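Participant: See input_39.cif below, with mmCIF, C-alpha atoms.
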```cif
data_work
#
loop_
_atom_site.label_atom_id
_atom_site.label_comp_id
_atom_site.auth_asym_id
_atom_site.auth_seq_id
_atom_site.Cartn_x
_atom_site.Cartn_y
_atom_site.Cartn_z
CA MET S 1 59.70 269.31 63.75
CA SER S 2 60.50 265.78 64.79
CA ARG S 3 62.39 265.12 67.97
CA LYS S 4 64.95 262.39 68.21
CA HIS S 5 64.47 259.93 71.00
CA PRO S 6 67.55 259.13 73.03
CA LYS S 7 69.12 255.87 72.05
CA GLN S 8 68.10 253.11 74.45
CA LYS S 9 70.70 250.69 75.77
CA THR S 10 70.10 247.05 75.13
CA LEU S 11 70.27 244.92 78.28
CA LEU S 12 72.02 241.67 77.69
CA PRO S 13 70.98 238.60 79.72
CA ALA S 14 73.41 237.53 82.40
CA MET S 15 75.51 234.50 81.66
CA PRO S 16 75.15 231.45 83.95
CA GLU S 17 78.73 231.94 85.14
CA GLU S 18 77.95 235.53 86.16
CA ILE S 19 74.82 234.47 88.05
CA GLN S 20 76.77 231.77 89.89
CA ALA S 21 79.52 234.25 90.78
CA VAL S 22 76.96 236.62 92.31
CA LEU S 23 75.46 233.76 94.32
CA ASN S 24 78.86 232.67 95.58
CA GLU S 25 79.59 236.20 96.77
CA HIS S 26 76.34 236.08 98.77
CA TYR S 27 77.82 233.42 101.05
CA SER S 28 80.47 233.95 103.67
CA ARG S 29 84.01 233.24 102.55
CA GLU S 30 85.35 233.15 106.13
CA PRO S 31 83.82 231.15 109.00
CA VAL S 32 81.81 233.21 111.45
CA LEU S 33 81.13 230.59 114.11
CA THR S 34 83.58 229.27 116.68
CA PRO S 35 84.91 226.66 116.98
CA ARG S 36 85.39 226.28 113.26
CA LEU S 37 83.59 223.44 111.48
CA LYS S 38 85.94 220.75 110.19
CA ASN S 39 86.32 220.97 106.39
CA TRP S 40 84.36 224.25 106.44
CA GLU S 41 83.28 225.49 103.01
CA GLU S 42 80.83 228.35 103.62
CA ASP S 43 78.34 229.92 106.01
CA LEU S 44 74.75 230.22 104.88
CA PRO S 45 72.43 233.24 105.33
CA GLU S 46 70.92 233.72 108.78
CA ASN S 47 67.66 231.86 109.22
CA ASN S 48 65.66 235.01 110.05
CA THR S 49 66.67 236.94 106.93
CA LYS S 50 65.13 236.98 103.48
CA GLN S 51 66.41 234.03 101.46
CA THR S 52 67.60 234.91 97.97
CA VAL S 53 67.97 231.31 96.77
CA PRO S 54 64.72 229.55 95.81
CA GLY S 55 63.93 226.91 98.41
CA LYS S 56 63.70 223.29 97.37
CA LEU S 57 63.41 220.09 99.37
CA LEU S 58 65.41 217.02 98.46
CA ARG S 59 63.03 214.72 100.32
CA VAL S 60 60.16 215.22 102.76
CA THR S 61 58.26 212.84 105.01
CA GLU S 62 55.44 215.21 106.00
CA ILE S 63 54.74 218.93 105.68
CA ASN S 64 51.72 220.85 106.96
CA ASP S 65 50.87 224.20 108.54
CA THR S 66 52.41 223.26 111.90
CA TRP S 67 55.41 221.03 111.29
CA MET S 68 57.65 219.61 108.61
CA GLU S 69 59.70 216.43 108.85
CA ILE S 70 62.57 215.66 106.51
CA PRO S 71 64.41 212.32 106.44
CA ARG S 72 68.15 211.85 106.77
CA TYR S 73 69.52 208.77 105.07
CA GLU S 74 73.10 208.09 106.05
CA ASN S 75 75.60 207.23 103.30
CA ILE S 76 75.89 203.54 104.19
CA MET S 77 75.78 200.53 101.92
CA TRP S 78 73.42 198.48 104.02
CA GLY S 79 73.95 195.41 101.89
CA GLY S 80 77.53 195.44 103.13
CA ALA S 81 76.29 194.12 106.49
CA TRP S 82 75.24 190.87 104.86
CA LEU S 83 78.49 190.85 102.91
CA GLY S 84 80.34 191.21 106.21
CA ILE S 85 78.81 188.00 107.51
CA ILE S 86 79.87 186.13 104.40
CA SER S 87 83.36 187.65 104.39
CA SER S 88 83.97 186.47 107.96
CA ILE S 89 84.65 183.05 106.47
CA ALA S 90 88.09 184.24 105.29
CA PRO S 91 89.47 185.13 108.75
CA ALA S 92 87.82 181.95 110.06
CA VAL S 93 89.92 179.82 107.70
CA LEU S 94 93.04 181.79 108.66
CA VAL S 95 92.54 181.35 112.40
CA ILE S 96 91.80 177.65 112.03
CA TRP S 97 95.00 177.26 110.04
CA LEU S 98 96.99 179.11 112.73
CA CYS S 99 95.47 176.93 115.41
CA ILE S 100 96.37 173.74 113.57
CA ASP S 101 99.82 175.03 112.69
CA SER S 102 100.65 176.09 116.28
CA TYR S 103 99.24 173.01 117.98
CA PRO S 104 102.47 170.92 117.76
CA THR S 105 104.52 173.79 119.23
CA GLY S 106 102.75 173.52 122.54
CA LEU S 107 100.57 176.64 122.29
CA ASP S 108 97.12 176.47 123.83
CA PHE S 109 94.96 175.23 120.99
CA GLU S 110 91.74 175.61 122.96
CA THR S 111 92.52 179.25 123.84
CA LEU S 112 93.17 180.16 120.21
CA LEU S 113 90.02 178.41 119.12
CA THR S 114 87.97 180.20 121.80
CA LEU S 115 89.35 183.58 120.70
CA PHE S 116 88.52 182.74 117.11
CA LEU S 117 84.94 181.80 117.93
CA PHE S 118 84.50 184.98 119.97
CA PHE S 119 85.85 187.09 117.10
CA LEU S 120 83.64 185.35 114.56
CA PHE S 121 80.53 185.71 116.71
CA SER S 122 81.29 189.41 117.39
CA MET S 123 81.63 190.20 113.69
CA SER S 124 78.43 188.34 112.91
CA LEU S 125 76.58 190.13 115.71
CA LEU S 126 77.86 193.51 114.48
CA SER S 127 76.69 192.79 110.93
CA LEU S 128 73.30 191.55 112.09
CA ARG S 129 72.70 194.63 114.24
CA MET S 130 73.68 196.84 111.32
CA ALA S 131 71.40 195.02 108.91
CA LEU S 132 68.35 194.51 111.11
CA PHE S 133 68.24 197.11 113.89
CA VAL S 134 69.91 200.34 112.75
CA PRO S 135 67.19 202.71 111.43
CA ARG S 136 67.71 203.82 107.87
CA ASP S 137 66.14 207.22 108.53
CA GLN S 138 67.12 209.61 111.34
CA PRO S 139 64.63 212.43 110.74
CA ILE S 140 64.54 216.11 111.69
CA ARG S 141 61.26 217.81 112.54
CA PHE S 142 60.68 221.56 112.21
CA ASN S 143 57.84 222.95 114.31
CA ARG S 144 57.18 226.48 113.11
CA LYS S 145 54.37 227.10 115.58
CA ARG S 146 56.74 226.59 118.52
CA GLN S 147 59.86 227.63 116.56
CA LYS S 148 61.58 224.45 117.67
CA ILE S 149 63.63 221.86 115.84
CA TYR S 150 63.78 218.18 116.89
CA ILE S 151 66.79 216.02 115.97
CA PHE S 152 66.51 212.23 116.09
CA ASP S 153 69.91 210.48 116.33
CA TYR S 154 70.88 206.84 116.61
CA HIS S 155 74.36 206.50 118.11
CA ARG S 156 75.97 203.51 116.50
CA LYS S 157 79.28 202.26 117.89
CA ALA S 158 80.94 201.32 114.64
CA TRP S 159 83.14 198.46 115.84
CA ASN S 160 81.60 197.43 119.15
CA PRO S 161 78.52 195.20 118.98
CA TRP S 162 78.54 194.54 122.74
CA VAL S 163 77.42 197.97 123.95
CA LYS S 164 74.13 199.80 123.69
CA TRP S 165 73.46 201.89 120.62
CA PRO S 166 71.12 204.49 122.14
CA ALA S 167 68.59 206.66 120.34
CA THR S 168 68.26 210.29 121.43
CA VAL S 169 66.08 213.27 120.57
CA LYS S 170 67.51 216.77 120.92
CA VAL S 171 65.37 219.91 120.94
CA PHE S 172 66.73 223.35 119.97
CA ASP S 173 65.33 226.82 119.47
CA TRP S 174 65.32 227.55 115.75
CA ALA S 175 66.53 231.10 116.42
CA ASP S 176 69.86 229.68 117.68
CA VAL S 177 70.52 227.50 114.60
CA HIS S 178 72.96 228.60 111.90
CA GLY S 179 73.64 226.91 108.57
CA GLU S 180 77.10 225.78 107.48
CA ILE S 181 78.42 223.63 104.64
CA SER S 182 81.51 221.45 104.72
CA ARG S 183 83.35 219.78 101.87
CA GLU S 184 83.99 216.10 102.52
CA SER S 185 86.49 213.93 100.68
CA ASP S 186 86.76 210.68 102.62
CA ARG S 187 85.93 207.23 101.33
CA TYR S 188 82.31 207.09 102.46
CA ALA S 189 81.29 210.76 102.18
CA GLN S 190 82.33 212.85 99.20
CA GLY S 191 80.89 216.23 98.31
CA PHE S 192 79.11 218.94 100.28
CA ARG S 193 77.47 218.29 103.66
CA LEU S 194 74.92 220.61 105.28
CA TYR S 195 75.18 221.27 109.03
CA GLY S 196 72.97 222.99 111.54
CA SER S 197 75.12 224.67 114.18
CA VAL S 198 73.50 225.60 117.49
CA CYS S 199 74.95 228.65 119.22
CA GLN S 200 74.47 230.22 122.60
CA PRO S 201 71.65 232.79 122.26
CA GLY S 202 72.90 236.06 120.81
CA THR S 203 76.45 234.74 120.15
CA HIS S 204 78.44 232.83 117.54
CA ASN S 205 79.74 230.32 120.08
CA VAL S 206 78.74 226.83 118.95
CA ILE S 207 77.45 224.46 121.62
CA ASP S 208 76.27 221.67 119.31
CA ARG S 209 76.24 220.66 115.65
CA PHE S 210 74.10 218.22 113.72
CA VAL S 211 74.01 217.00 110.13
CA LEU S 212 71.04 218.50 108.33
CA ASN S 213 71.78 216.60 105.13
CA TRP S 214 74.56 214.17 104.32
CA ALA S 215 77.16 214.79 101.63
CA ILE S 216 76.10 215.17 98.00
CA PHE S 217 78.20 216.05 94.96
CA TYR S 218 76.75 219.52 94.29
CA ILE S 219 76.51 222.47 96.67
CA GLU S 220 73.43 224.16 95.21
CA PRO S 221 70.86 221.60 96.49
CA GLN S 222 72.22 222.09 100.01
CA ARG S 223 71.74 225.85 99.71
CA GLN S 224 68.22 225.31 98.41
CA LEU S 225 67.38 222.95 101.27
CA TRP S 226 68.56 225.47 103.87
CA SER S 227 66.58 228.21 102.12
CA HIS S 228 63.43 226.08 102.14
CA CYS S 229 63.77 225.32 105.87
CA CYS S 230 64.24 229.02 106.64
CA GLN S 231 61.26 230.08 104.53
CA TYR S 232 59.07 227.43 106.12
CA MET S 233 59.99 228.54 109.65
CA GLN S 234 59.37 232.17 108.61
CA HIS S 235 55.79 231.20 107.64
CA GLN S 236 56.60 231.94 104.02
CA PRO S 237 54.74 230.05 101.27
CA VAL S 238 56.72 226.98 100.25
CA ILE S 239 56.09 224.08 97.93
#
```
Write out the structure in this file as structure tokens.
Facilitator:
Amino acid sequence: MSRKHPKQKTLLPAMPEEIQAVLNEHYSREPVLTPRLKNWEEDLPENNTKQTVPGKLLRVTEINDTWMEIPRYENIMWGGAWLGIISSIAPAVLVIWLCIDSYPTGLDFETLLTLFLFFLFSMSLLSLRMALFVPRDQPIRFNRKRQKIYIFDYHRKAWNPWVKWPATVKVFDWADVHGEISRESDRYAQGFRLYGSVCQPGTHNVIDRFVLNWAIFYIEPQRQLWSHCCQYMQHQPVI
């Protein structure tokens, strides 16, 4: 006597939209850290937990068993510095015209001309410093042996060429770093930006924040980058 086998259910593959919805639910929909990050979009999984998103680097300078260094290229059109030098001709013509036009009225022609030359030289100096001395890369180094993270920053004063633009290196314990993503919409940065937020040990009180990767149009590569950094610092195998 033959026995009937119970009918097996056919498992249908998940649609891409369903997979993305599950991933979105994995991330925090309300900010956990205080103070709140400007233009906050989502919190990322804690760096000591298992990462569910496959890790993937956007760029890497060096990676070995002890440390990994990733570059940070700021969203700046460096050719604009040379364009700024050329474009200074326009205000030069305007100031010269004002000087000539005001000379018969008794205004101090020499003072106006001196101010013009100072302005022109300042703009040229600013553009030259931008083009020749500002580093293109401000890297971050992850040392998984020491569980430290090193942040290189170059502090550029955007409109003041007469002050120092110092370079600094900050060192943080990786255990105190949390991942956050913001959504930027200004002229020079549009898309999703990845932040590392440093909190007081054992709390969610932020004492410092740094850009881990500048804004890009899609959020998934930022999630993958954070996942890769976490897996590397957890001594997990990474590519």
Participant: Suppose you want the space between CA of Lys148 in chain S and CA of Val171 in chain S; what is it in Å?
Facilitator: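 About the pair CA of Lys148 in chain S and CA of Val171 in chain S: they are 6.8 Å apart.
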Participant: Measure the distance from CA of Tyr188 in chain S to CA of Lys56 in chain S in Å and round it to one decimal.
Facilitator: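 These two atoms are separated by 25.2 Å.
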Participant: Enter the distance from CA of Gly55 in chain S to CA of Arg141 in chain S, in Å, rounded to one decimal.
Facilitator: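 Going from CA of Gly55 in chain S over to CA of Arg141 in chain S covers 17.0 Å.
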Participant: For a quick check of understanding, using all atoms listed in the file, which of S:Arg187, S:Arg146, S:Arg209, S:Arg36 has the smallest distance to Asp65 in chain S?
Facilitator: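 Result for the nearest residue to Asp65 in chain S: S:Arg146.
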Participant: Which residues are close to Tyr232 in chain S, i.e. within 10 Å by all atoms listed in the file, leaving aside same-chain residues fewer than 3 positions away? Reply as a PDB file with C-alpha atoms, in the coordinates of the input.
Facilitator:
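Contents of out_16.pdb, as written:
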```pdb
ATOM      1  CA  GLY S  55      63.930 226.910  98.410  1.00  0.00           C
ATOM      2  CA  ILE S  63      54.740 218.930 105.680  1.00  0.00           C
ATOM      3  CA  ASN S  64      51.720 220.850 106.960  1.00  0.00           C
ATOM      4  CA  ASP S  65      50.870 224.200 108.540  1.00  0.00           C
ATOM      5  CA  THR S  66      52.410 223.260 111.900  1.00  0.00           C
ATOM      6  CA  TRP S  67      55.410 221.030 111.290  1.00  0.00           C
ATOM      7  CA  MET S  68      57.650 219.610 108.610  1.00  0.00           C
ATOM      8  CA  PHE S 142      60.680 221.560 112.210  1.00  0.00           C
ATOM      9  CA  ASN S 143      57.840 222.950 114.310  1.00  0.00           C
ATOM     10  CA  ARG S 144      57.180 226.480 113.110  1.00  0.00           C
ATOM     11  CA  TRP S 226      68.560 225.470 103.870  1.00  0.00           C
ATOM     12  CA  SER S 227      66.580 228.210 102.120  1.00  0.00           C
ATOM     13  CA  HIS S 228      63.430 226.080 102.140  1.00  0.00           C
ATOM     14  CA  CYS S 229      63.770 225.320 105.870  1.00  0.00           C
ATOM     15  CA  HIS S 235      55.790 231.200 107.640  1.00  0.00           C
ATOM     16  CA  GLN S 236      56.600 231.940 104.020  1.00  0.00           C
ATOM     17  CA  PRO S 237      54.740 230.050 101.270  1.00  0.00           C
ATOM     18  CA  VAL S 238      56.720 226.980 100.250  1.00  0.00           C
ATOM     19  CA  ILE S 239      56.090 224.080  97.930  1.00  0.00           C
TER      20      ILE S 239
END
```
Participant: For each of S:Ser124, S:Asn160, S:Asn213, S:Thr49, take the minimum atom-to-atom distance to Tyr195 in chain S, counting all atoms listed in the file, then give the residue where this is smallest.
Facilitator: S:Asn213
Participant: Of the candidates S:Gln147, S:Asp176, S:Leu194, S:Glu42, which one gets nearest to Leu225 in chain S if we count all atoms listed in the file?
Facilitator: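 Checking each of S:Gln147, S:Asp176, S:Leu194, S:Glu42 against Leu225 in chain S, counting all atoms listed in the file, the winner is S:Leu194.
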Participant: For Gly196 in chain S, list every protein, DNA or RNA residue within 8 Å, evaluated using only C-alpha atoms, and leave out those in the same chain fewer than 4 positions away; present the list as a ChimeraX atom specification.
Facilitator: /S:177-180,209-212
Participant: Do you know which residues lie at most 10 Å from (81.6, 214.2, 99.8), with coordinates as in the file and only C-alpha atoms counted, and could you write them as a PyMOL selection string?
Facilitator: chain S and resi 75+182-193+214-218
Participant: With the PyMOL selection byres ((chain S and resi 151-155) around 12) as the selection, what would be picked from this file? Answer as an MDAnalysis selection string, please.
Facilitator: chainID S and resid 69:74 130 133:143 148:150 156:158 160 163:174 196 198 208:213
Participant: Taking into account only C-alpha atoms, which residue in the set S:Arg129, S:Asn47, S:Asn39, S:Leu57 is nearest to Glu220 in chain S?
Facilitator: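 For Glu220 in chain S, the nearest of the candidates is S:Leu57.
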Participant: Which residue gives the smallest distance to Trp159 in chain S among S:Lys145, S:Val53, S:Met123, S:Asp43, with all atoms listed in the file counted?
Facilitator: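 Looking only at the distances to Trp159 in chain S, the closest residue turns out to be S:Met123.
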Participant: Ranking S:Met233, S:Ala175, S:Ile181, S:Ile207 by minimum distance to Pro221 in chain S and counting all atoms listed in the file, which one comes first?
Facilitator: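 Nearest to Pro221 in chain S: S:Ile181.
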Participant: For this structure, which residues satisfy the selection - the PyMOL selection byres ((chain S and resi 122) around 12) - when it is evaluated on the file as given? I want them as a CSV table (one decimal) with C-alpha atoms, keeping the file's coordinate frame.
Facilitator:
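The resulting file, result11.csv, is shown below:
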```csv
chain,number,residue,atom,x,y,z
S,84,GLY,CA,80.3,191.2,106.2
S,85,ILE,CA,78.8,188.0,107.5
S,88,SER,CA,84.0,186.5,108.0
S,115,LEU,CA,89.4,183.6,120.7
S,116,PHE,CA,88.5,182.7,117.1
S,117,LEU,CA,84.9,181.8,117.9
S,118,PHE,CA,84.5,185.0,120.0
S,119,PHE,CA,85.8,187.1,117.1
S,120,LEU,CA,83.6,185.4,114.6
S,121,PHE,CA,80.5,185.7,116.7
S,123,MET,CA,81.6,190.2,113.7
S,124,SER,CA,78.4,188.3,112.9
S,125,LEU,CA,76.6,190.1,115.7
S,126,LEU,CA,77.9,193.5,114.5
S,127,SER,CA,76.7,192.8,110.9
S,128,LEU,CA,73.3,191.6,112.1
S,129,ARG,CA,72.7,194.6,114.2
S,159,TRP,CA,83.1,198.5,115.8
S,160,ASN,CA,81.6,197.4,119.2
S,161,PRO,CA,78.5,195.2,119.0
S,162,TRP,CA,78.5,194.5,122.7
S,163,VAL,CA,77.4,198.0,124.0
```
